[in-house]
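Pasting structure29.cif here (mmCIF, C-alpha atoms and all ligand atoms):
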data_work
#
loop_
_atom_site.label_atom_id
_atom_site.label_comp_id
_atom_site.auth_asym_id
_atom_site.auth_seq_id
_atom_site.Cartn_x
_atom_site.Cartn_y
_atom_site.Cartn_z
CA MET A 205 -40.52 -0.26 -15.65
CA ASN A 206 -37.30 1.52 -16.48
CA ASP A 207 -34.87 -1.18 -15.44
CA LYS A 208 -36.89 -4.04 -16.91
CA THR A 209 -37.14 -3.43 -20.60
CA LYS A 210 -39.76 -5.53 -22.35
CA ILE A 211 -38.50 -7.14 -25.50
CA LEU A 212 -40.78 -8.53 -28.17
CA ILE A 213 -39.19 -11.14 -30.42
CA ILE A 214 -40.87 -11.51 -33.78
CA SER A 215 -39.70 -14.55 -35.70
CA PRO A 216 -41.40 -17.52 -37.36
CA SER A 217 -38.59 -19.76 -36.09
CA GLU A 218 -39.11 -21.45 -32.75
CA ILE A 219 -35.44 -22.33 -32.56
CA ILE A 220 -34.46 -18.67 -32.77
CA THR A 221 -37.23 -17.49 -30.44
CA ASN A 222 -36.56 -20.11 -27.80
CA GLY A 223 -32.80 -19.75 -28.09
CA LEU A 224 -33.04 -16.01 -27.49
CA LYS A 225 -35.42 -16.58 -24.59
CA VAL A 226 -32.92 -18.87 -22.89
CA ILE A 227 -30.12 -16.33 -23.28
CA LEU A 228 -32.26 -13.41 -22.15
CA ALA A 229 -33.80 -15.27 -19.21
CA ARG A 230 -30.61 -14.60 -17.24
CA THR A 231 -30.81 -10.84 -17.83
CA GLU A 232 -32.90 -7.84 -16.78
CA PHE A 233 -34.99 -8.13 -19.95
CA VAL A 234 -38.58 -9.38 -19.96
CA VAL A 235 -39.23 -11.33 -23.11
CA ASP A 236 -42.31 -12.04 -25.16
CA SER A 237 -42.56 -13.52 -28.64
CA LEU A 238 -44.78 -13.65 -31.70
CA ALA A 239 -44.53 -15.39 -35.05
CA ASP A 240 -45.59 -12.34 -37.03
CA VAL A 241 -45.88 -8.56 -36.71
CA PRO A 242 -48.92 -7.62 -34.58
CA ALA A 243 -51.14 -4.54 -34.91
CA THR A 244 -50.04 -3.04 -31.61
CA VAL A 245 -46.99 -3.56 -29.44
CA ASP A 246 -46.57 -3.23 -25.71
CA ALA A 247 -42.80 -3.40 -25.37
CA GLY A 248 -39.71 -1.24 -25.13
CA MET A 249 -37.79 -2.88 -27.94
CA ILE A 250 -38.47 -5.20 -30.85
CA LEU A 251 -36.20 -7.98 -32.09
CA VAL A 252 -37.23 -8.96 -35.57
CA ASP A 253 -36.19 -11.68 -37.93
CA PRO A 254 -35.79 -9.99 -41.32
CA VAL A 255 -36.84 -13.13 -43.19
CA LEU A 256 -40.38 -12.02 -42.43
CA THR A 257 -41.69 -10.23 -45.48
CA SER A 258 -43.81 -8.01 -43.25
CA TYR A 259 -40.92 -6.84 -41.06
CA ASN A 260 -40.95 -3.30 -42.49
CA SER A 261 -44.10 -2.48 -40.59
CA VAL A 262 -42.34 -2.85 -37.22
CA PHE A 263 -40.71 0.52 -37.75
CA SER A 264 -44.04 2.27 -37.47
CA PHE A 265 -44.19 1.60 -33.71
CA GLY A 266 -41.46 4.18 -33.06
CA LEU A 267 -39.50 1.68 -30.94
CA PRO A 268 -35.91 0.59 -31.27
CA VAL A 269 -35.80 -2.35 -33.68
CA VAL A 270 -32.98 -4.86 -33.64
CA ALA A 271 -32.47 -7.30 -36.50
CA VAL A 272 -31.76 -10.93 -35.62
CA ILE A 273 -29.86 -12.37 -38.56
CA HIS A 274 -28.82 -15.91 -39.26
CA ALA A 275 -27.25 -15.54 -42.70
CA ALA A 276 -25.44 -12.95 -44.78
CA TYR A 277 -27.68 -9.99 -45.23
CA ASP A 278 -27.75 -6.93 -47.42
CA GLU A 279 -25.93 -4.05 -45.66
CA ARG A 280 -28.23 -1.32 -46.87
CA SER A 281 -31.33 -2.96 -45.45
CA LEU A 282 -29.58 -3.51 -42.14
CA SER A 283 -28.74 0.18 -41.81
CA GLN A 284 -32.31 0.96 -40.87
CA PHE A 285 -32.13 -1.10 -37.68
CA SER A 286 -31.02 0.31 -34.35
CA GLU A 287 -28.71 -2.68 -33.96
CA VAL A 288 -28.02 -6.05 -35.56
CA ILE A 289 -27.41 -9.25 -33.64
CA SER A 290 -26.41 -12.51 -35.24
CA ILE A 291 -27.47 -15.89 -33.90
CA TYR A 292 -23.75 -16.71 -33.94
CA ASP A 293 -22.97 -13.83 -31.51
CA GLN A 294 -21.73 -14.85 -28.08
CA PRO A 295 -24.57 -14.45 -25.56
CA GLN A 296 -22.73 -11.71 -23.63
CA VAL A 297 -22.09 -9.82 -26.88
CA MET A 298 -25.78 -10.03 -27.73
CA VAL A 299 -26.83 -8.78 -24.31
CA ARG A 300 -24.28 -5.97 -24.41
CA LYS A 301 -25.63 -4.85 -27.79
CA LEU A 302 -29.21 -4.87 -26.51
CA ARG A 303 -28.25 -2.90 -23.41
CA LYS A 304 -26.56 -0.33 -25.61
CA VAL A 305 -29.77 0.07 -27.58
CA VAL A 306 -31.75 0.61 -24.36
CA SER A 307 -29.34 3.21 -22.98
CA GLY A 308 -29.17 4.87 -26.40
CA SER A 309 -32.89 5.42 -26.33
CA ALA A 310 -32.75 7.11 -22.94
CA ASP A 311 -32.46 10.87 -22.67
CA SER A 312 -28.82 10.69 -21.70
CA ASP A 313 -27.51 9.75 -25.09
CA PRO A 314 -23.72 9.97 -25.01
CA LEU A 315 -23.77 11.17 -28.62
CA ALA A 316 -25.66 14.24 -27.50
CA ASP A 317 -22.58 15.48 -25.70
CA GLY A 318 -20.91 16.26 -28.99
CA LYS A 319 -20.73 19.90 -29.89
CA GLU A 320 -21.56 20.45 -33.52
CA LEU A 321 -24.40 18.73 -35.33
CA SER A 322 -23.28 15.78 -37.41
CA PRO A 323 -23.88 15.87 -41.18
CA ARG A 324 -26.78 13.44 -40.75
CA GLU A 325 -28.28 15.58 -38.00
CA LYS A 326 -28.02 18.62 -40.23
CA GLU A 327 -29.84 16.81 -43.03
CA ILE A 328 -32.59 15.80 -40.64
CA LEU A 329 -32.82 19.29 -39.20
CA VAL A 330 -33.39 20.69 -42.69
CA CYS A 331 -36.21 18.19 -43.22
CA VAL A 332 -37.78 19.12 -39.88
CA ALA A 333 -37.55 22.80 -40.76
CA LYS A 334 -39.31 22.08 -44.03
CA GLY A 335 -42.13 20.51 -42.08
CA MET A 336 -41.49 16.86 -42.94
CA LEU A 337 -42.87 14.18 -40.65
CA ASN A 338 -40.63 11.61 -38.94
CA LYS A 339 -41.92 8.88 -41.18
CA GLU A 340 -41.21 10.90 -44.33
CA ILE A 341 -37.68 11.63 -43.13
CA ALA A 342 -37.14 7.95 -42.30
CA TYR A 343 -38.25 6.97 -45.78
CA LYS A 344 -36.08 9.58 -47.47
CA TYR A 345 -32.87 8.44 -45.74
CA ASN A 346 -33.78 4.80 -45.38
CA LEU A 347 -33.67 5.00 -41.58
CA SER A 348 -35.97 3.64 -38.92
CA ILE A 349 -38.41 6.06 -37.35
CA PHE A 350 -36.71 5.34 -34.06
CA THR A 351 -33.36 6.45 -35.47
CA VAL A 352 -34.92 9.65 -36.80
CA MET A 353 -36.37 10.31 -33.36
CA THR A 354 -32.97 9.72 -31.76
CA HIS A 355 -31.37 12.19 -34.16
CA ARG A 356 -34.04 14.74 -33.34
CA LYS A 357 -33.46 14.26 -29.63
CA ASN A 358 -29.75 14.81 -30.17
CA ILE A 359 -30.35 17.94 -32.23
CA THR A 360 -32.44 19.36 -29.40
CA ALA A 361 -29.95 18.27 -26.76
CA LYS A 362 -27.13 20.03 -28.59
CA THR A 363 -28.93 23.23 -29.51
CA GLY A 364 -31.32 23.53 -26.59
CA ILE A 365 -34.08 24.25 -29.10
CA LYS A 366 -37.26 22.21 -28.93
CA SER A 367 -40.01 23.73 -31.05
CA ILE A 368 -40.21 23.23 -34.81
CA ALA A 369 -40.40 26.98 -35.31
CA GLY A 370 -37.26 27.36 -33.19
CA LEU A 371 -35.43 24.65 -35.13
CA THR A 372 -36.43 26.32 -38.37
CA ALA A 373 -35.08 29.65 -37.13
CA TYR A 374 -31.89 27.91 -36.07
CA ALA A 375 -31.47 26.26 -39.48
CA ILE A 376 -31.84 29.63 -41.18
CA LEU A 377 -29.42 31.38 -38.83
CA GLN A 378 -26.88 28.61 -39.47
CA GLY A 379 -27.31 29.02 -43.21
CA LEU A 380 -28.57 25.46 -43.61
CA ILE A 381 -31.69 26.60 -45.41
CA ASP A 382 -32.82 29.71 -47.15
CA ILE A 383 -35.55 31.75 -45.51
CA GLU A 384 -37.52 31.66 -48.75
CA SER A 385 -37.47 27.89 -49.09
CA ILE A 386 -39.81 27.36 -46.14
CA LYS A 387 -42.49 29.76 -47.22
CA MET B 87 -34.70 21.94 1.43
CA ASN B 88 -38.17 21.04 2.59
CA ASN B 89 -37.36 22.36 6.02
CA MET B 90 -36.33 25.66 4.58
CA ASP B 91 -39.54 25.85 2.67
CA SER B 92 -41.80 25.17 5.59
CA ARG B 93 -39.90 27.56 7.80
CA SER B 94 -40.15 30.42 5.36
CA GLU B 95 -43.72 29.51 4.60
CA ARG B 96 -44.70 29.88 8.21
CA PHE B 97 -43.63 33.48 8.31
CA ILE B 98 -46.44 34.41 5.91
CA SER B 99 -49.56 35.14 7.89
CA PRO B 100 -52.62 37.34 7.53
CA SER B 101 -51.66 39.33 10.59
CA MET B 102 -48.20 40.37 9.46
CA LYS B 103 -47.61 43.81 8.06
CA MET B 104 -48.04 43.94 4.29
CA ALA B 105 -44.90 46.08 4.04
CA ASP B 106 -42.87 43.47 5.93
CA LEU B 107 -44.10 40.75 3.60
CA ILE B 108 -43.04 42.71 0.53
CA ASN B 109 -39.73 43.74 2.02
CA SER B 110 -38.81 40.16 2.75
CA GLU B 111 -40.13 38.81 -0.58
CA PRO B 112 -39.98 41.67 -3.09
CA ASP B 113 -41.12 39.38 -5.92
CA LEU B 114 -44.58 39.46 -4.36
CA LEU B 115 -44.95 43.05 -5.57
CA SER B 116 -46.20 41.54 -8.78
CA VAL B 117 -48.91 39.62 -6.88
CA VAL B 118 -49.90 42.76 -5.00
CA ASN B 119 -50.06 44.60 -8.29
CA HIS B 120 -52.10 42.03 -10.18
CA CYS B 121 -54.47 41.46 -7.28
CA GLY B 122 -55.29 45.15 -7.44
CA ILE B 123 -53.99 45.97 -3.98
CA ILE B 124 -52.96 49.61 -3.94
CA LEU B 125 -49.63 50.66 -2.44
CA GLY B 126 -49.36 53.06 0.49
CA PHE B 127 -50.42 50.49 3.07
CA GLY B 128 -48.60 52.12 6.00
CA GLU B 129 -48.61 49.77 8.98
CA ASP B 130 -51.64 47.77 7.82
CA SER B 131 -51.63 43.98 7.99
CA VAL B 132 -52.03 41.70 5.00
CA GLU B 133 -55.58 40.99 6.09
CA GLU B 134 -56.48 44.68 6.44
CA CYS B 135 -54.97 45.57 3.05
CA CYS B 136 -56.86 42.79 1.30
CA LYS B 137 -60.18 43.56 2.94
CA ARG B 138 -59.90 47.26 2.17
CA GLN B 139 -59.68 46.40 -1.54
CA GLY B 140 -62.46 43.82 -1.25
CA LYS B 141 -60.04 40.91 -1.67
CA ASP B 142 -60.03 37.64 0.22
CA PRO B 143 -56.84 37.37 2.35
CA PHE B 144 -56.77 33.57 2.19
CA THR B 145 -56.83 33.59 -1.61
CA PHE B 146 -54.18 36.32 -1.74
CA LEU B 147 -51.87 34.36 0.55
CA THR B 148 -52.49 31.12 -1.34
CA ILE B 149 -51.36 32.84 -4.54
CA CYS B 150 -48.32 34.24 -2.69
CA ARG B 151 -47.40 30.78 -1.41
CA ILE B 152 -47.64 29.10 -4.80
CA PHE B 153 -45.73 32.04 -6.25
CA LEU B 154 -42.88 31.58 -3.79
CA PHE B 155 -42.82 27.89 -2.96
CA ASP B 156 -43.99 25.78 -5.87
CA ARG B 157 -46.12 23.35 -3.96
CA SER B 158 -49.70 22.32 -4.20
CA SER B 159 -49.94 20.17 -1.08
CA GLU B 160 -51.50 22.81 1.09
CA VAL B 161 -53.67 24.42 -1.52
CA ASP B 162 -57.27 24.22 -0.44
CA CYS B 163 -59.20 24.90 -3.63
CA GLY B 164 -62.48 24.73 -1.78
CA LYS B 165 -61.64 27.80 0.27
CA ILE B 166 -60.26 30.07 -2.41
CA ARG B 167 -62.36 32.78 -4.00
CA ILE B 168 -62.50 32.09 -7.73
CA ASP B 169 -63.18 35.73 -8.58
CA ASP B 170 -59.97 36.84 -6.93
CA VAL B 171 -57.94 34.20 -8.74
CA THR B 172 -59.32 35.01 -12.17
CA ASP B 173 -58.94 38.76 -11.52
CA TYR B 174 -55.33 38.12 -10.63
CA LEU B 175 -54.74 35.97 -13.71
CA ARG B 176 -56.43 38.51 -15.98
CA GLY B 177 -54.23 41.19 -14.46
CA CYS B 178 -51.16 39.13 -15.37
CA HIS B 179 -52.44 38.56 -18.92
CA ASP B 180 -52.94 42.31 -19.36
CA SER B 181 -49.46 43.12 -18.24
CA TYR B 182 -47.97 40.50 -20.57
CA LYS B 183 -50.02 41.72 -23.51
CA GLU B 184 -49.74 45.44 -22.91
CA ILE B 185 -46.35 45.88 -21.29
CA TRP B 186 -43.96 42.91 -21.50
CA LEU B 187 -44.52 41.73 -25.06
CA PRO B 188 -44.61 45.08 -26.90
CA GLN B 189 -41.57 46.29 -24.96
CA LEU B 190 -39.59 43.15 -25.66
CA GLU B 191 -40.50 43.22 -29.31
CA LYS B 192 -39.19 46.77 -29.60
CA GLU B 193 -36.03 46.00 -27.66
CA ILE B 194 -35.22 42.88 -29.68
CA ALA B 195 -35.67 44.83 -32.91
CA SER B 196 -33.36 47.52 -31.65
CA VAL B 197 -30.70 45.04 -30.55
CA LEU B 198 -30.74 43.39 -33.96
CA SER B 199 -30.96 46.59 -35.99
CA CYS B 200 -27.37 46.21 -37.22
CA ARG B 201 -27.76 42.54 -38.13
CA PRO B 202 -28.46 41.34 -41.68
CA GLU B 203 -32.06 41.38 -42.80
CA ALA B 204 -32.43 37.57 -42.76
CA GLN B 205 -31.42 37.35 -39.09
CA ARG B 206 -33.77 40.14 -38.05
CA LYS B 207 -36.57 38.55 -39.97
CA VAL B 208 -36.09 35.07 -38.50
CA ILE B 209 -36.12 36.38 -34.94
CA SER B 210 -38.99 38.76 -35.44
CA GLU B 211 -41.07 36.03 -37.07
CA PHE B 212 -40.32 33.64 -34.24
CA PHE B 213 -41.20 36.29 -31.70
CA GLY B 214 -44.39 37.15 -33.55
CA LYS B 215 -45.47 33.53 -33.55
CA PHE B 216 -44.72 33.18 -29.86
CA ARG B 217 -46.63 36.37 -29.06
CA ASP B 218 -49.66 35.38 -31.12
CA GLU B 219 -49.84 31.92 -29.60
CA LEU B 220 -49.58 33.37 -26.13
CA LYS B 221 -52.39 35.83 -26.83
CA ILE B 222 -54.62 33.04 -28.11
CA HIS B 223 -53.84 31.01 -24.99
CA PHE B 224 -54.83 33.96 -22.78
CA GLU B 225 -57.98 34.51 -24.78
CA VAL B 226 -59.09 30.90 -24.49
CA GLU B 227 -58.51 31.06 -20.75
CA GLU B 228 -60.44 34.29 -20.33
CA LYS B 229 -63.30 33.50 -22.66
CA LYS B 230 -63.73 29.76 -22.19
CA ILE B 231 -61.98 28.36 -19.14
CA PHE B 232 -62.52 31.08 -16.53
CA PRO B 233 -66.26 31.52 -17.26
CA SER B 234 -66.75 27.75 -17.18
CA LEU B 235 -65.57 27.67 -13.56
CA TYR B 236 -68.88 29.18 -12.49
CA GLU B 237 -71.00 26.51 -14.12
CA ILE B 238 -70.08 23.37 -12.26
CA GLY B 239 -71.97 21.05 -14.57
CA LYS B 240 -70.31 22.52 -17.62
CA ARG B 241 -66.71 22.65 -16.51
CA GLY B 242 -64.85 21.72 -19.65
CA ARG B 243 -63.02 18.52 -18.84
CA GLY B 244 -61.83 18.12 -22.40
CA THR B 245 -59.84 21.34 -22.29
CA MET B 246 -57.66 20.47 -19.34
CA LYS B 247 -55.13 18.36 -21.19
CA VAL B 248 -54.57 21.03 -23.81
CA PHE B 249 -54.35 23.64 -21.08
CA LYS B 250 -51.52 21.89 -19.28
CA GLU B 251 -49.71 20.94 -22.46
CA GLU B 252 -49.79 24.53 -23.65
CA HIS B 253 -48.19 25.67 -20.43
CA GLY B 254 -45.27 23.40 -21.24
CA ASN B 255 -45.07 24.72 -24.79
CA ILE B 256 -45.03 28.34 -23.65
CA GLY B 257 -41.98 27.68 -21.51
CA GLU B 258 -40.24 25.80 -24.31
CA ASN B 259 -40.87 28.50 -26.87
CA ILE B 260 -39.45 31.27 -24.77
CA GLN B 261 -36.41 29.14 -23.96
CA ASP B 262 -35.97 28.57 -27.71
CA LEU B 263 -36.03 32.32 -28.26
CA ILE B 264 -33.46 32.82 -25.51
CA ASN B 265 -31.18 30.18 -27.06
CA LEU B 266 -31.47 31.69 -30.52
CA LEU B 267 -30.47 35.11 -29.19
CA LEU B 268 -27.87 33.76 -26.80
CA LYS B 269 -26.14 31.21 -29.02
CA TYR B 270 -26.82 31.74 -32.66
CA ILE B 271 -26.70 35.43 -33.50
CA PRO B 272 -23.10 36.21 -34.49
CA TYR B 273 -22.79 39.55 -32.67
CA GLU B 274 -19.77 41.67 -33.53
CA LYS B 275 -19.20 43.22 -30.14
CA SER B 276 -20.36 42.88 -26.60
CA ASP B 277 -23.52 44.88 -26.25
CA PRO B 278 -25.08 45.74 -22.88
CA GLU B 279 -28.42 46.15 -24.59
CA VAL B 280 -28.41 42.46 -25.60
CA ILE B 281 -27.62 41.46 -22.03
CA LEU B 282 -30.56 43.53 -20.83
CA VAL B 283 -32.94 41.98 -23.33
CA LEU B 284 -31.81 38.49 -22.36
CA SER B 285 -32.27 39.15 -18.64
CA ARG B 286 -35.73 40.42 -19.36
CA LEU B 287 -36.50 37.30 -21.36
CA TYR B 288 -35.35 35.15 -18.45
CA SER B 289 -37.60 37.16 -16.12
CA LEU B 290 -40.52 36.73 -18.49
CA LYS B 291 -39.85 33.01 -18.67
CA ARG B 292 -39.82 32.75 -14.90
CA ASP B 293 -42.91 34.91 -14.54
CA LEU B 294 -44.84 32.90 -17.12
CA ALA B 295 -43.81 29.67 -15.42
CA ILE B 296 -45.16 30.93 -12.09
CA HIS B 297 -48.31 32.14 -13.78
CA SER B 298 -48.86 28.73 -15.36
CA ARG B 299 -48.16 27.05 -12.05
CA ILE B 300 -50.82 29.11 -10.29
CA GLU B 301 -53.26 28.11 -13.02
CA ASP B 302 -52.28 24.46 -12.79
CA TYR B 303 -52.76 24.44 -9.03
CA LEU B 304 -55.81 26.67 -8.66
CA ILE B 305 -57.73 26.44 -11.93
CA LEU B 306 -57.06 22.89 -13.15
CA PRO B 307 -58.56 21.17 -10.08
CA LEU B 308 -61.71 23.20 -10.59
CA VAL B 309 -61.85 22.41 -14.29
CA ARG B 310 -61.59 18.77 -13.33
CA GLY B 311 -64.47 19.25 -10.95
CA GLY B 312 -62.19 18.36 -8.06
CA LYS B 313 -62.61 14.68 -8.83
CA ASP B 314 -59.13 13.41 -9.32
CA HIS B 315 -55.71 14.58 -8.38
CA GLU B 316 -53.58 13.58 -11.29
FE FE C 1 -53.03 32.50 -18.06
FE FE C 2 -52.25 29.61 -18.96
#

Will you turn the file into structure tokens for me?
Amino acid sequence: MNDKTKILIISPSEIITNGLKVILARTEFVVDSLADVPATVDAGMILVDPVLTSYNSVFSFGLPVVAVIHAAYDERSLSQFSEVISIYDQPQVMVRKLRKVVSGSADSDPLADGKELSPREKEILVCVAKGMLNKEIAYKYNLSIFTVMTHRKNITAKTGIKSIAGLTAYAILQGLIDIESIK
Amino acid sequence: MNNMDSRSERFISPSMKMADLINSEPDLLSVVNHCGIILGFGEDSVEECCKRQGKDPFTFLTICRIFLFDRSSEVDCGKIRIDDVTDYLRGCHDSYKEIWLPQLEKEIASVLSCRPEAQRKVISEFFGKFRDELKIHFEVEEKKIFPSLYEIGKRGRGTMKVFKEEHGNIGENIQDLINLLLKYIPYEKSDPEVILVLSRLYSLKRDLAIHSRIEDYLILPLVRGGKDHE
């Protein structure tokens, strides 16, 4: 289950879906596809075509979401994806990007080896300390829920602190929030 | 590693001298204590000591084995005496509530007495929350879970998931407290008192983990009604 990541491709285009399937057939990925966003997902990663007007709802599954683009696309919207692949990418580039997403979602995130919290991690820590939910934090910073979860994992990996109460205490001790602001 | 385990496990037997057992594994003093076995056992065997205090030697040794070796493979829940296990667990709860926690609270306050108010407050609030949650956990065990073990039909299956999850949370919370005190209080000088408090927190963490393990191995299978293993 760990070495064979299931990928769900969501695109209304059969050319894109079938093209990706051919490329991914030679890899460790197991591929499934749908024309639109389903109610539940049994997969480890989602590849979505952002032409779908309903694509925003894929972020609610808490899985890494990769955008499959075939035209110029607005940068800000793309920032919420874990990764972006273009249909003009070389197959090996595409596969490399997808593998990076899979290893990035594992516990051994190379980013977590860094020492200090990044500015983004600090912002997210403050939100956590204030009791915000992942989905509220994602909305506030225009990130995917998966990205928020990755940041939270990294915060815990760096500090060694897991509980919300502990993270709140840490944020106060670091002067990131005022003790009164969480009352 | 497994070989080591089985070799050292074999040396524990009902016929060995209680004093020899304790001398070779001093950590078991805490089991002796919480099982209500009184010191001064002279040359008596484990079996004799247990029987004199009205305790079941098999149950006592099962607790000792889980305490020392972290394995459930040889635990025979059908043969243990539930009363002895719950007495032991209650004994542990009492010593956490009455000795460990109040002492640690006092010591942490003393260690931080020179720190700014905000730092003292953050730590004392975190500790207070940890302590209160722990006490509630103990209370649920004593008032709901332990009594339910005697009514086979009523054994609360719904509680088991929470029970096990909480054991994980307890360990995480105390590790959080350790990290806050170890990493994020900007002390001005090296202070032996802080070192002492931290070593006591590590001991408490270890002790609580063993306590939870004994519950997971000996109580959970009963709560489940012995039906499944995972
Ligand atoms: Fe307990
Ligand atoms: Fe417990």

B:Pro100, B:Pro202, B:Gly140, B:Gly164 ranked by distance to chain A, top pick (using only C-alpha atoms) |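 Nearest candidate to chain A out of B:Pro100, B:Pro202, B:Gly140, B:Gly164: B:Pro202.
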
Env. residues ligand FE 1 (chain C) / 9 Å / only C-alpha atoms and all ligand atoms / as a compact mmCIF listing (two decimals) with C-alpha atoms, keeping the file's coordinate frame:
# COMPACT_ATOMS: atom_id res chain seq x y z
CA THR B 172 -59.32 35.01 -12.17
CA LEU B 175 -54.74 35.97 -13.71
CA ARG B 176 -56.43 38.51 -15.98
CA CYS B 178 -51.16 39.13 -15.37
CA HIS B 179 -52.44 38.56 -18.92
CA LEU B 220 -49.58 33.37 -26.13
CA HIS B 223 -53.84 31.01 -24.99
CA PHE B 224 -54.83 33.96 -22.78
CA GLU B 225 -57.98 34.51 -24.78
CA VAL B 226 -59.09 30.90 -24.49
CA GLU B 227 -58.51 31.06 -20.75
CA GLU B 228 -60.44 34.29 -20.33
CA HIS B 253 -48.19 25.67 -20.43
CA LEU B 294 -44.84 32.90 -17.12
CA HIS B 297 -48.31 32.14 -13.78
CA SER B 298 -48.86 28.73 -15.36
CA ILE B 300 -50.82 29.11 -10.29
CA GLU B 301 -53.26 28.11 -13.02

With only C-alpha atoms and all ligand atoms as the atoms that count, which of B:Val280, B:Val197, B:Ile108, B:Ile222 lies nearest to ligand FE 2 (chain C)?
->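 When distances to ligand FE 2 (chain C) are compared using only C-alpha atoms and all ligand atoms, the smallest one comes from B:Ile222.
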
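Using only C-alpha atoms, the nearest neighbour of chain A within the list B:Arg299, B:Gly254, B:Glu279, B:Leu304 is B:Gly254.
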
Which residues of chain B are close to chain A, meaning at most 7 Å apart when you count all atoms listed in the file, and how do they look as a ChimeraX atom specification?
-> /B:205,208,212,258-259,262,265-266,270

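Between atom CA of Ser264 of chain A and atom CA of Ser348 of chain A lies a distance of 8.3 Å.
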
Proximity to Thr231 of chain A - best of A:Leu212, A:Leu380, A:Val299, A:Val269, only C-alpha atoms =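 Going through A:Leu212, A:Leu380, A:Val299, A:Val269 one by one, the smallest distance to Thr231 of chain A is for A:Val299.
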
Can you tell me how far atom CA of Thr148 of chain B sits from atom CA of Val161 of chain B, in Å to one decimal?
->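 Those two atoms sit 6.8 Å apart.
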
Applying 10 Å and only C-alpha atoms, which residues near Ser215 of chain A remain after dropping the ones on its own chain fewer than 6 positions away? List them as a PDB file with C-alpha atoms, in the coordinates of the input.
ATOM      1  CA  THR A 221     -37.230 -17.490 -30.440  1.00  0.00           C
ATOM      2  CA  SER A 237     -42.560 -13.520 -28.640  1.00  0.00           C
ATOM      3  CA  LEU A 238     -44.780 -13.650 -31.700  1.00  0.00           C
ATOM      4  CA  ALA A 239     -44.530 -15.390 -35.050  1.00  0.00           C
ATOM      5  CA  ASP A 240     -45.590 -12.340 -37.030  1.00  0.00           C
ATOM      6  CA  VAL A 241     -45.880  -8.560 -36.710  1.00  0.00           C
ATOM      7  CA  LEU A 251     -36.200  -7.980 -32.090  1.00  0.00           C
ATOM      8  CA  VAL A 252     -37.230  -8.960 -35.570  1.00  0.00           C
ATOM      9  CA  ASP A 253     -36.190 -11.680 -37.930  1.00  0.00           C
ATOM     10  CA  PRO A 254     -35.790  -9.990 -41.320  1.00  0.00           C
ATOM     11  CA  VAL A 255     -36.840 -13.130 -43.190  1.00  0.00           C
ATOM     12  CA  LEU A 256     -40.380 -12.020 -42.430  1.00  0.00           C
ATOM     13  CA  TYR A 259     -40.920  -6.840 -41.060  1.00  0.00           C
ATOM     14  CA  VAL A 272     -31.760 -10.930 -35.620  1.00  0.00           C
TER      15      VAL A 272
END

For the atom pair atom CA of Ser217 of chain A and atom CA of Phe350 of chain A, what is the interatomic distance in Å to one decimal place?
->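 Calculated distance between atom CA of Ser217 of chain A and atom CA of Phe350 of chain A is 25.3 Å.
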
Counting all atoms listed in the file, the residue of B:Met102, B:Ile231, B:Leu282, B:Leu287 that sits nearest ligand FE 2 (chain C) | B:Ile231

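The environment of Leu267 of chain A within 10 Å, counting only C-alpha atoms and disregarding residues fewer than 2 places along the same chain, consists of Val245, Ala247, Gly248, Met249, Ile250, Val262, Phe263, Ser264, Phe265, Val269, Val270, Ser286, Ser309, Ser348, Ile349, Phe350, Thr351 and Met353 of chain A.
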
Could you turn the residues from that selection into a file that holds C-alpha atoms, as a tab-separated table (two decimals), in the frame of the given file?
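Printed below is again13.tsv as written:
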chain	number	residue	atom	x	y	z
A	245	VAL	CA	-46.99	-3.56	-29.44
A	247	ALA	CA	-42.80	-3.40	-25.37
A	248	GLY	CA	-39.71	-1.24	-25.13
A	249	MET	CA	-37.79	-2.88	-27.94
A	250	ILE	CA	-38.47	-5.20	-30.85
A	262	VAL	CA	-42.34	-2.85	-37.22
A	263	PHE	CA	-40.71	0.52	-37.75
A	264	SER	CA	-44.04	2.27	-37.47
A	265	PHE	CA	-44.19	1.60	-33.71
A	269	VAL	CA	-35.80	-2.35	-33.68
A	270	VAL	CA	-32.98	-4.86	-33.64
A	286	SER	CA	-31.02	0.31	-34.35
A	309	SER	CA	-32.89	5.42	-26.33
A	348	SER	CA	-35.97	3.64	-38.92
A	349	ILE	CA	-38.41	6.06	-37.35
A	350	PHE	CA	-36.71	5.34	-34.06
A	351	THR	CA	-33.36	6.45	-35.47
A	353	MET	CA	-36.37	10.31	-33.36

For a cut-off of 12 Å around (-42.9, 42.8, -28.4), file coordinates, pick out all residues using only C-alpha atoms and list them as a PyMOL selection string.
-> chain B and resi 182-196+209-218+220-221+283+286-287+290

Can you pull out the residues contacting segment 114-117 of chain B? Cut-off 9 Å, using all atoms listed in the file, and skip same-chain residues under 6 positions away; I want them as a PDB file with C-alpha atoms, in the frame of the given file.
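The file below, around.pdb, is the result:
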ATOM      1  CA  LEU B 107     -44.100  40.750   3.600  1.00  0.00           C
ATOM      2  CA  ILE B 108     -43.040  42.710   0.530  1.00  0.00           C
ATOM      3  CA  ILE B 123     -53.990  45.970  -3.980  1.00  0.00           C
ATOM      4  CA  PHE B 146     -54.180  36.320  -1.740  1.00  0.00           C
ATOM      5  CA  ILE B 149     -51.360  32.840  -4.540  1.00  0.00           C
ATOM      6  CA  CYS B 150     -48.320  34.240  -2.690  1.00  0.00           C
ATOM      7  CA  PHE B 153     -45.730  32.040  -6.250  1.00  0.00           C
ATOM      8  CA  LEU B 154     -42.880  31.580  -3.790  1.00  0.00           C
ATOM      9  CA  TYR B 174     -55.330  38.120 -10.630  1.00  0.00           C
ATOM     10  CA  CYS B 178     -51.160  39.130 -15.370  1.00  0.00           C
TER      11      CYS B 178
END
